[in-house]
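Take a look at the structure set out below.
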Amino acid sequence: MIRNRNLTRGSIAAAIVCLCAAASFSSGAFAPQASGYHLAKKVTLGGEGGWDYLTFDSQGRRVFISRGTHTMVVDADGKKLGDIPNTQGVHGIALAPEFNHGFTSNGRTNTVTMFELDTLKTIREIAVNGQNPDAIRYDSASHRVFTFNGRSHDSTAIDAKTGEVAGNIPLAGKPEFAQADGAGHIFVNIEDKSELSEIDSSALKVLNTWPLAPCQEPSGLAFDVAHKRLFAGCDNRMMAVVDADSGKVVTTVPIGDGVDANGFDPETAFVFASCGEGTLTVAHEDSPDKYTVVENVATQKGARTMTLDPKTHTLYLVTAGFGPPPAASPENPHPRPAVLPDSFTLLIFTR
C-alpha cells in the first residue's frame with residue numbers, strides 16, 4: 001500500500017522502476033532458455049603428445065595449448081602460429097602481458113619455461129623449488145607467477161619481470177587449479193583434501209583453508225571477481241559455488257562427469273564446466289547465490305579442458321580420437337584409452 005498521498009504518478013512510476021531494478025541482479029538476471037552455444041568449427045591439429053590446460057591470450061587473440069613436450073600456439077580461428085619447444089611434461093601456461101612474458105609449468109623437469117609473448121622465443125628455464133609444477137597463475141597485484149606443485153604440495157612464486165624465484169609456500173595437500181582476485185589474494189583447490197586455500201601473494205603465506213563439502217576432489221576453478229564467487233569443478237558431478245570472503249559453499253550446481261576446467265563470463269553471467277564424458281555444462285548466475293543450469297551442450301569424449309575468449313564469448317576445448325586401452329600392468333593397473341595418431345582436435349564453440 002502507498003501511504004504517502006503526495007506521491008505523483010511520475011514518482012510512483014519511478015519507484016516501480018527502482019523496485020524492478022533492485023530485483024534484477026544484472027542485465028542477464030533472468031536465465032535464458034538456452035545458451036546458444038554450438039560447435040562452430042572443428043580443427044584437427046594433429047601432432048604427438050597429450051594435453052592439459054589451455055590459456056587464451058586476450059591481447060594477441062591466441063590460444064596456448066599444452067602438448068606434453070611442447071606448447072602449441074594457434075590463432076582465434078585455430079590456425080597454427082607457432083610452438084614453444086622443450087616444455088617437458090607441460091601442464092599450464094600463464095601470461096604476464098605488461099612484461100611481454102609467458103610461462104609454462106613443466107611437470108617432468110620441475111621447471112618453468114619463461115618466454116617472450118610476441119616472438120614465443122624462450123628466455124630462460126627456471127628451476128622450481130618443488131616437484132611436478134602443475135597449474136600456474138599470474139597475479140597482477142604482486143607481479144608474480146605462482147606454480148602449484150602437485151607432488152611436493154606447495155607453491156613456488158616467481159618474479160614475472162626477472163624470472164627469479166621469490167619463495168615457496170607450503171600447502172595443505174595436492175594443489176590443482178588456481179585463481180587470483182587482482183587484489184593480492186590467490187585461491188587454489190586442494191584436490192586430495194577437498195579443500196580451498198587462500199594465499200597472500202605478497203607475504204607468501206596461506207591465510208585460510210576451507211572445506212568444500214559436499215564437493216569431492218576439486219579440479220577446475222573459475223572466478224566471478226566482481227561478486228566474489230569461486231566455482232570449483234568437483235569429481236562427484238557437481239560444481240561448488242564458494243564465497244571468496246568467508247570460504248562458505250553457498251550452493252552447488254549439477255554438472256557432467258569428468259570435469260577438469262571451469263570458466264566464467266562476466267558479461268553473459270554464464271558459468272561453464274567442461275566434462276570428459278563429452279558435455280559442456282552451462283549454468284546462469286541468476287544472483288551470487290542462485291544458479292540455473294541452462295543446458296548441457298554436447299562436445300566430444302575427452303574434451304575436459306577449456307578456455308574462454310571473454311570479448312567474443314567463444315569457448316575453446318581440445319580432445320582426440322581414442323582406441324582401446326593397453327593391457328593393465330602392476331605399474332599401470334587402470335590404463336587410459338590409447339590416443340589415435342594425429343587425431344588431436346580443437347573444438348570452437350560460439351553462440
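Chain labels run A, B, ... following the order of the C-alpha cells; each chain numbers its residues from 1, and ligands are numbered from 1 in the order shown.
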Which residues are close to range 216-222 of chain A, i.e. within 10 Å by only C-alpha atoms, leaving aside same-chain residues fewer than 3 positions away? Reply as a PDB file with N, CA and C atoms, in the first residue's frame.
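The result, written out as around-v1.pdb:
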ATOM      1  N   TYR A  53      46.067 -27.977 -19.672  1.00  0.00           N
ATOM      2  CA  TYR A  53      45.398 -26.677 -19.672  1.00  0.00           C
ATOM      3  C   TYR A  53      45.532 -25.934 -20.997  1.00  0.00           C
ATOM      4  N   ALA A 135      49.309 -26.629 -12.175  1.00  0.00           N
ATOM      5  CA  ALA A 135      48.656 -25.366 -12.513  1.00  0.00           C
ATOM      6  C   ALA A 135      49.638 -24.210 -12.341  1.00  0.00           C
ATOM      7  N   LYS A 174      47.505 -31.697  -2.158  1.00  0.00           N
ATOM      8  CA  LYS A 174      47.811 -31.619  -3.585  1.00  0.00           C
ATOM      9  C   LYS A 174      47.028 -30.483  -4.240  1.00  0.00           C
ATOM     10  N   PRO A 175      47.725 -29.452  -4.724  1.00  0.00           N
ATOM     11  CA  PRO A 175      47.015 -28.332  -5.337  1.00  0.00           C
ATOM     12  C   PRO A 175      46.587 -28.641  -6.766  1.00  0.00           C
ATOM     13  N   GLU A 176      45.491 -28.033  -7.170  1.00  0.00           N
ATOM     14  CA  GLU A 176      45.028 -28.116  -8.549  1.00  0.00           C
ATOM     15  C   GLU A 176      44.949 -26.700  -9.105  1.00  0.00           C
ATOM     16  N   PHE A 177      43.849 -26.352  -9.768  1.00  0.00           N
ATOM     17  CA  PHE A 177      43.781 -25.063 -10.449  1.00  0.00           C
ATOM     18  C   PHE A 177      43.647 -23.917  -9.448  1.00  0.00           C
ATOM     19  N   ALA A 178      44.045 -22.706  -9.896  1.00  0.00           N
ATOM     20  CA  ALA A 178      44.044 -21.534  -9.021  1.00  0.00           C
ATOM     21  C   ALA A 178      43.483 -20.318  -9.750  1.00  0.00           C
ATOM     22  N   GLN A 179      43.043 -19.338  -8.956  1.00  0.00           N
ATOM     23  CA  GLN A 179      42.563 -18.060  -9.481  1.00  0.00           C
ATOM     24  C   GLN A 179      43.079 -16.932  -8.588  1.00  0.00           C
ATOM     25  N   ALA A 180      43.234 -15.736  -9.183  1.00  0.00           N
ATOM     26  CA  ALA A 180      43.674 -14.560  -8.434  1.00  0.00           C
ATOM     27  C   ALA A 180      42.601 -13.479  -8.523  1.00  0.00           C
ATOM     28  N   PHE A 187      43.496 -18.066  -4.845  1.00  0.00           N
ATOM     29  CA  PHE A 187      42.701 -19.175  -4.335  1.00  0.00           C
ATOM     30  C   PHE A 187      43.063 -20.424  -5.130  1.00  0.00           C
ATOM     31  N   VAL A 188      43.273 -21.531  -4.427  1.00  0.00           N
ATOM     32  CA  VAL A 188      43.691 -22.771  -5.095  1.00  0.00           C
ATOM     33  C   VAL A 188      42.937 -23.957  -4.500  1.00  0.00           C
ATOM     34  N   ASN A 189      42.454 -24.838  -5.391  1.00  0.00           N
ATOM     35  CA  ASN A 189      41.828 -26.076  -4.948  1.00  0.00           C
ATOM     36  C   ASN A 189      42.876 -27.025  -4.372  1.00  0.00           C
ATOM     37  N   ILE A 190      42.554 -27.672  -3.278  1.00  0.00           N
ATOM     38  CA  ILE A 190      43.387 -28.741  -2.714  1.00  0.00           C
ATOM     39  C   ILE A 190      42.638 -30.041  -2.989  1.00  0.00           C
ATOM     40  N   GLU A 191      43.058 -30.720  -4.044  1.00  0.00           N
ATOM     41  CA  GLU A 191      42.266 -31.817  -4.602  1.00  0.00           C
ATOM     42  C   GLU A 191      42.098 -32.981  -3.636  1.00  0.00           C
ATOM     43  N   ASP A 192      43.186 -33.474  -3.055  1.00  0.00           N
ATOM     44  CA  ASP A 192      43.103 -34.693  -2.248  1.00  0.00           C
ATOM     45  C   ASP A 192      42.438 -34.475  -0.900  1.00  0.00           C
ATOM     46  N   LYS A 193      42.310 -33.219  -0.472  1.00  0.00           N
ATOM     47  CA  LYS A 193      41.645 -32.926   0.804  1.00  0.00           C
ATOM     48  C   LYS A 193      40.244 -32.338   0.596  1.00  0.00           C
ATOM     49  N   SER A 194      39.868 -32.087  -0.650  1.00  0.00           N
ATOM     50  CA  SER A 194      38.584 -31.437  -0.957  1.00  0.00           C
ATOM     51  C   SER A 194      38.452 -30.129  -0.179  1.00  0.00           C
ATOM     52  N   GLU A 195      39.474 -29.300  -0.361  1.00  0.00           N
ATOM     53  CA  GLU A 195      39.533 -28.011   0.331  1.00  0.00           C
ATOM     54  C   GLU A 195      39.902 -26.902  -0.655  1.00  0.00           C
ATOM     55  N   LEU A 196      39.808 -25.678  -0.165  1.00  0.00           N
ATOM     56  CA  LEU A 196      40.199 -24.493  -0.920  1.00  0.00           C
ATOM     57  C   LEU A 196      41.075 -23.628  -0.029  1.00  0.00           C
ATOM     58  N   PRO A 211      36.994 -26.166   4.038  1.00  0.00           N
ATOM     59  CA  PRO A 211      36.434 -27.394   3.456  1.00  0.00           C
ATOM     60  C   PRO A 211      35.437 -27.051   2.352  1.00  0.00           C
ATOM     61  N   LEU A 212      35.360 -27.931   1.341  1.00  0.00           N
ATOM     62  CA  LEU A 212      34.451 -27.704   0.225  1.00  0.00           C
ATOM     63  C   LEU A 212      33.278 -28.678   0.209  1.00  0.00           C
ATOM     64  N   ALA A 213      33.081 -29.431   1.283  1.00  0.00           N
ATOM     65  CA  ALA A 213      31.974 -30.399   1.319  1.00  0.00           C
ATOM     66  C   ALA A 213      30.659 -29.707   0.946  1.00  0.00           C
ATOM     67  N   VAL A 225      34.966 -12.285 -10.072  1.00  0.00           N
ATOM     68  CA  VAL A 225      35.694 -11.382  -9.170  1.00  0.00           C
ATOM     69  C   VAL A 225      34.772 -10.312  -8.610  1.00  0.00           C
ATOM     70  N   ARG A 229      32.676 -14.761  -6.083  1.00  0.00           N
ATOM     71  CA  ARG A 229      32.210 -16.140  -6.095  1.00  0.00           C
ATOM     72  C   ARG A 229      33.175 -16.994  -6.904  1.00  0.00           C
ATOM     73  N   LEU A 230      33.630 -18.086  -6.285  1.00  0.00           N
ATOM     74  CA  LEU A 230      34.504 -19.052  -6.939  1.00  0.00           C
ATOM     75  C   LEU A 230      33.685 -20.270  -7.342  1.00  0.00           C
ATOM     76  N   PHE A 231      34.059 -20.883  -8.478  1.00  0.00           N
ATOM     77  CA  PHE A 231      33.329 -22.027  -9.000  1.00  0.00           C
ATOM     78  C   PHE A 231      34.301 -23.200  -9.130  1.00  0.00           C
ATOM     79  N   ALA A 232      34.162 -24.173  -8.247  1.00  0.00           N
ATOM     80  CA  ALA A 232      35.074 -25.313  -8.208  1.00  0.00           C
ATOM     81  C   ALA A 232      34.406 -26.529  -8.837  1.00  0.00           C
ATOM     82  N   GLY A 233      35.044 -27.083  -9.879  1.00  0.00           N
ATOM     83  CA  GLY A 233      34.538 -28.290 -10.514  1.00  0.00           C
ATOM     84  C   GLY A 233      34.940 -29.510  -9.718  1.00  0.00           C
ATOM     85  N   CYS A 234      33.969 -30.334  -9.343  1.00  0.00           N
ATOM     86  CA  CYS A 234      34.212 -31.436  -8.421  1.00  0.00           C
ATOM     87  C   CYS A 234      34.029 -32.788  -9.116  1.00  0.00           C
ATOM     88  N   ASP A 235      34.762 -33.774  -8.614  1.00  0.00           N
ATOM     89  CA  ASP A 235      34.766 -35.096  -9.234  1.00  0.00           C
ATOM     90  C   ASP A 235      33.436 -35.817  -9.084  1.00  0.00           C
ATOM     91  N   ASN A 236      32.619 -35.427  -8.109  1.00  0.00           N
ATOM     92  CA  ASN A 236      31.331 -36.081  -7.876  1.00  0.00           C
ATOM     93  C   ASN A 236      30.188 -35.352  -8.583  1.00  0.00           C
ATOM     94  N   ARG A 237      30.463 -34.919  -9.822  1.00  0.00           N
ATOM     95  CA  ARG A 237      29.450 -34.385 -10.737  1.00  0.00           C
ATOM     96  C   ARG A 237      28.721 -33.166 -10.184  1.00  0.00           C
ATOM     97  N   MET A 238      29.465 -32.282  -9.570  1.00  0.00           N
ATOM     98  CA  MET A 238      28.867 -31.030  -9.112  1.00  0.00           C
ATOM     99  C   MET A 238      29.894 -29.914  -9.199  1.00  0.00           C
ATOM    100  N   MET A 239      29.388 -28.686  -9.202  1.00  0.00           N
ATOM    101  CA  MET A 239      30.233 -27.502  -9.134  1.00  0.00           C
ATOM    102  C   MET A 239      29.870 -26.761  -7.855  1.00  0.00           C
ATOM    103  N   ALA A 240      30.857 -26.539  -7.003  1.00  0.00           N
ATOM    104  CA  ALA A 240      30.627 -25.843  -5.747  1.00  0.00           C
ATOM    105  C   ALA A 240      30.819 -24.342  -5.956  1.00  0.00           C
ATOM    106  N   VAL A 241      29.854 -23.561  -5.499  1.00  0.00           N
ATOM    107  CA  VAL A 241      29.935 -22.103  -5.562  1.00  0.00           C
ATOM    108  C   VAL A 241      30.359 -21.614  -4.185  1.00  0.00           C
ATOM    109  N   GLY A 258      33.593 -36.119 -15.093  1.00  0.00           N
ATOM    110  CA  GLY A 258      34.956 -35.942 -15.577  1.00  0.00           C
ATOM    111  C   GLY A 258      35.347 -34.496 -15.819  1.00  0.00           C
ATOM    112  N   VAL A 259      34.874 -33.583 -14.989  1.00  0.00           N
ATOM    113  CA  VAL A 259      35.219 -32.166 -15.153  1.00  0.00           C
ATOM    114  C   VAL A 259      36.707 -31.941 -14.892  1.00  0.00           C
ATOM    115  N   ASP A 260      37.315 -31.042 -15.654  1.00  0.00           N
ATOM    116  CA  ASP A 260      38.710 -30.679 -15.412  1.00  0.00           C
ATOM    117  C   ASP A 260      38.954 -29.190 -15.588  1.00  0.00           C
ATOM    118  N   ALA A 261      37.930 -28.443 -16.032  1.00  0.00           N
ATOM    119  CA  ALA A 261      38.098 -26.994 -16.191  1.00  0.00           C
ATOM    120  C   ALA A 261      36.753 -26.308 -16.015  1.00  0.00           C
ATOM    121  N   ASN A 262      36.828 -25.076 -15.518  1.00  0.00           N
ATOM    122  CA  ASN A 262      35.646 -24.237 -15.355  1.00  0.00           C
ATOM    123  C   ASN A 262      35.924 -22.854 -15.914  1.00  0.00           C
ATOM    124  N   GLY A 263      34.866 -22.142 -16.246  1.00  0.00           N
ATOM    125  CA  GLY A 263      35.016 -20.787 -16.763  1.00  0.00           C
ATOM    126  C   GLY A 263      33.847 -19.926 -16.332  1.00  0.00           C
ATOM    127  N   PHE A 264      34.072 -18.607 -16.359  1.00  0.00           N
ATOM    128  CA  PHE A 264      33.003 -17.659 -16.044  1.00  0.00           C
ATOM    129  C   PHE A 264      33.091 -16.488 -17.002  1.00  0.00           C
ATOM    130  N   ASP A 265      31.949 -16.118 -17.579  1.00  0.00           N
ATOM    131  CA  ASP A 265      31.858 -14.985 -18.492  1.00  0.00           C
ATOM    132  C   ASP A 265      31.080 -13.879 -17.796  1.00  0.00           C
ATOM    133  N   VAL A 271      28.330 -19.627 -16.347  1.00  0.00           N
ATOM    134  CA  VAL A 271      29.387 -20.405 -15.718  1.00  0.00           C
ATOM    135  C   VAL A 271      29.487 -21.719 -16.489  1.00  0.00           C
ATOM    136  N   PHE A 272      30.724 -22.171 -16.752  1.00  0.00           N
ATOM    137  CA  PHE A 272      30.934 -23.337 -17.602  1.00  0.00           C
ATOM    138  C   PHE A 272      31.704 -24.429 -16.852  1.00  0.00           C
ATOM    139  N   ALA A 273      31.399 -25.675 -17.214  1.00  0.00           N
ATOM    140  CA  ALA A 273      32.165 -26.826 -16.736  1.00  0.00           C
ATOM    141  C   ALA A 273      32.354 -27.769 -17.917  1.00  0.00           C
ATOM    142  N   SER A 274      33.623 -27.966 -18.324  1.00  0.00           N
ATOM    143  CA  SER A 274      33.906 -28.888 -19.426  1.00  0.00           C
ATOM    144  C   SER A 274      34.208 -30.263 -18.857  1.00  0.00           C
ATOM    145  N   ARG A 304      37.855 -32.239 -21.820  1.00  0.00           N
ATOM    146  CA  ARG A 304      37.720 -31.926 -20.396  1.00  0.00           C
ATOM    147  C   ARG A 304      38.346 -30.598 -19.997  1.00  0.00           C
ATOM    148  N   THR A 305      39.168 -30.016 -20.860  1.00  0.00           N
ATOM    149  CA  THR A 305      39.777 -28.727 -20.541  1.00  0.00           C
ATOM    150  C   THR A 305      39.310 -27.685 -21.547  1.00  0.00           C
ATOM    151  N   MET A 306      39.337 -26.420 -21.123  1.00  0.00           N
ATOM    152  CA  MET A 306      38.781 -25.360 -21.962  1.00  0.00           C
ATOM    153  C   MET A 306      39.381 -24.021 -21.589  1.00  0.00           C
TER     154      MET A 306
END
Which residues are near range 60-75 of chain A? Cut-off 10 Å, only C-alpha atoms, ignore same chain within fewer than 4 positions. Put them as an MDAnalysis selection string. chainID A and resid 45 47:56 79:95 97 104:108 117:118 120 306:309 311 316:318 344 346
Restrict the selected residues to C-alpha atoms and save them as an mmCIF file, in the first residue's frame.
data_model
loop_
_atom_site.group_PDB
_atom_site.id
_atom_site.type_symbol
_atom_site.label_atom_id
_atom_site.label_comp_id
_atom_site.auth_asym_id
_atom_site.auth_seq_id
_atom_site.Cartn_x
_atom_site.Cartn_y
_atom_site.Cartn_z
ATOM 1 C CA LEU A 45 45.775 -30.008 -35.154
ATOM 2 C CA GLY A 47 50.849 -33.981 -33.668
ATOM 3 C CA GLU A 48 52.135 -36.030 -30.783
ATOM 4 C CA GLY A 49 51.611 -35.685 -27.062
ATOM 5 C CA GLY A 50 48.779 -35.437 -24.599
ATOM 6 C CA TRP A 51 47.254 -32.216 -23.360
ATOM 7 C CA ASP A 52 46.219 -30.365 -20.235
ATOM 8 C CA TYR A 53 45.398 -26.677 -19.672
ATOM 9 C CA LEU A 54 44.552 -24.116 -22.340
ATOM 10 C CA THR A 55 45.093 -20.369 -21.933
ATOM 11 C CA PHE A 56 43.560 -17.581 -24.013
ATOM 12 C CA LYS A 79 45.376 -21.651 -37.360
ATOM 13 C CA LYS A 80 48.807 -22.723 -36.132
ATOM 14 C CA LEU A 81 51.032 -19.740 -35.350
ATOM 15 C CA GLY A 82 53.996 -21.219 -33.533
ATOM 16 C CA ASP A 83 55.344 -23.604 -30.947
ATOM 17 C CA ILE A 84 57.323 -23.367 -27.731
ATOM 18 C CA PRO A 85 59.617 -26.429 -27.722
ATOM 19 C CA ASN A 86 61.064 -28.477 -24.868
ATOM 20 C CA THR A 87 58.403 -27.843 -22.259
ATOM 21 C CA GLN A 88 58.670 -31.357 -20.858
ATOM 22 C CA GLY A 89 55.541 -32.512 -19.057
ATOM 23 C CA VAL A 90 53.880 -29.124 -19.556
ATOM 24 C CA HIS A 91 50.606 -28.638 -17.691
ATOM 25 C CA GLY A 92 49.700 -24.953 -17.863
ATOM 26 C CA ILE A 93 50.520 -21.552 -19.321
ATOM 27 C CA ALA A 94 50.453 -18.178 -17.536
ATOM 28 C CA LEU A 95 50.732 -14.805 -19.265
ATOM 29 C CA PRO A 97 51.439 -9.120 -20.796
ATOM 30 C CA THR A 104 54.831 -22.783 -18.794
ATOM 31 C CA SER A 105 54.808 -25.254 -15.885
ATOM 32 C CA ASN A 106 56.922 -28.273 -16.838
ATOM 33 C CA GLY A 107 55.987 -31.126 -14.517
ATOM 34 C CA ARG A 108 58.504 -33.643 -15.811
ATOM 35 C CA LEU A 117 54.940 -13.299 -25.637
ATOM 36 C CA ASP A 118 55.385 -11.607 -29.002
ATOM 37 C CA LEU A 120 57.496 -17.057 -28.435
ATOM 38 C CA MET A 306 38.781 -25.360 -21.962
ATOM 39 C CA THR A 307 39.462 -21.637 -22.148
ATOM 40 C CA LEU A 308 37.271 -18.608 -22.865
ATOM 41 C CA ASP A 309 37.618 -15.507 -25.029
ATOM 42 C CA LYS A 311 35.359 -10.460 -25.715
ATOM 43 C CA TYR A 316 37.880 -23.475 -26.922
ATOM 44 C CA LEU A 317 38.103 -27.153 -25.959
ATOM 45 C CA VAL A 318 40.511 -29.892 -27.046
ATOM 46 C CA PHE A 344 44.297 -34.142 -31.658
ATOM 47 C CA LEU A 346 40.478 -28.129 -31.294
#
Return the single residue from A:Thr268, A:Ala203, A:Gln33, A:Leu315 that is closest to Val294 in chain A, with distances computed using only C-alpha atoms.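 Under the stated criterion, the closest residue is A:Gln33.
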Apply DSSP to the backbone of this structure and, from range 116-339 of chain A, keep only the residues in strand (DSSP E or B); write these as number ranges by chain. A: 116, 122-127, 133-139, 144-149, 154-159, 165-170, 175-180, 185-190, 195-200, 205-211, 221-224, 229-234, 238-243, 249-254, 259-265, 270-275, 279-287, 290-298, 305-309, 314-319, 322, 339
Between CA of Asn100 in chain A and CA of Thr122 in chain A lies a distance of 11.9 Å
Can you tell me how far CA of Glu198 in chain A sits from CA of Ile186 in chain A, in Å to one decimal?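 Interatomic distance, CA of Glu198 in chain A to CA of Ile186 in chain A: 5.6 Å.
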Tell me which protein, DNA and RNA residues are within 7 Å of Val297 in chain A, counting only C-alpha atoms, leaving out same-chain ones fewer than 2 positions away, and put them as a list in words.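 Contacts, with the query itself left out: Thr279, Leu280, Thr281, Glu295 and Thr299 of chain A.
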Enumerate as a PyMOL selection string all residues of range 17-148 of chain A assigned to alpha helix (DSSP H) by DSSP on the backbone, naming them with the chain letters and numbers the document uses. chain A and resi 17-23
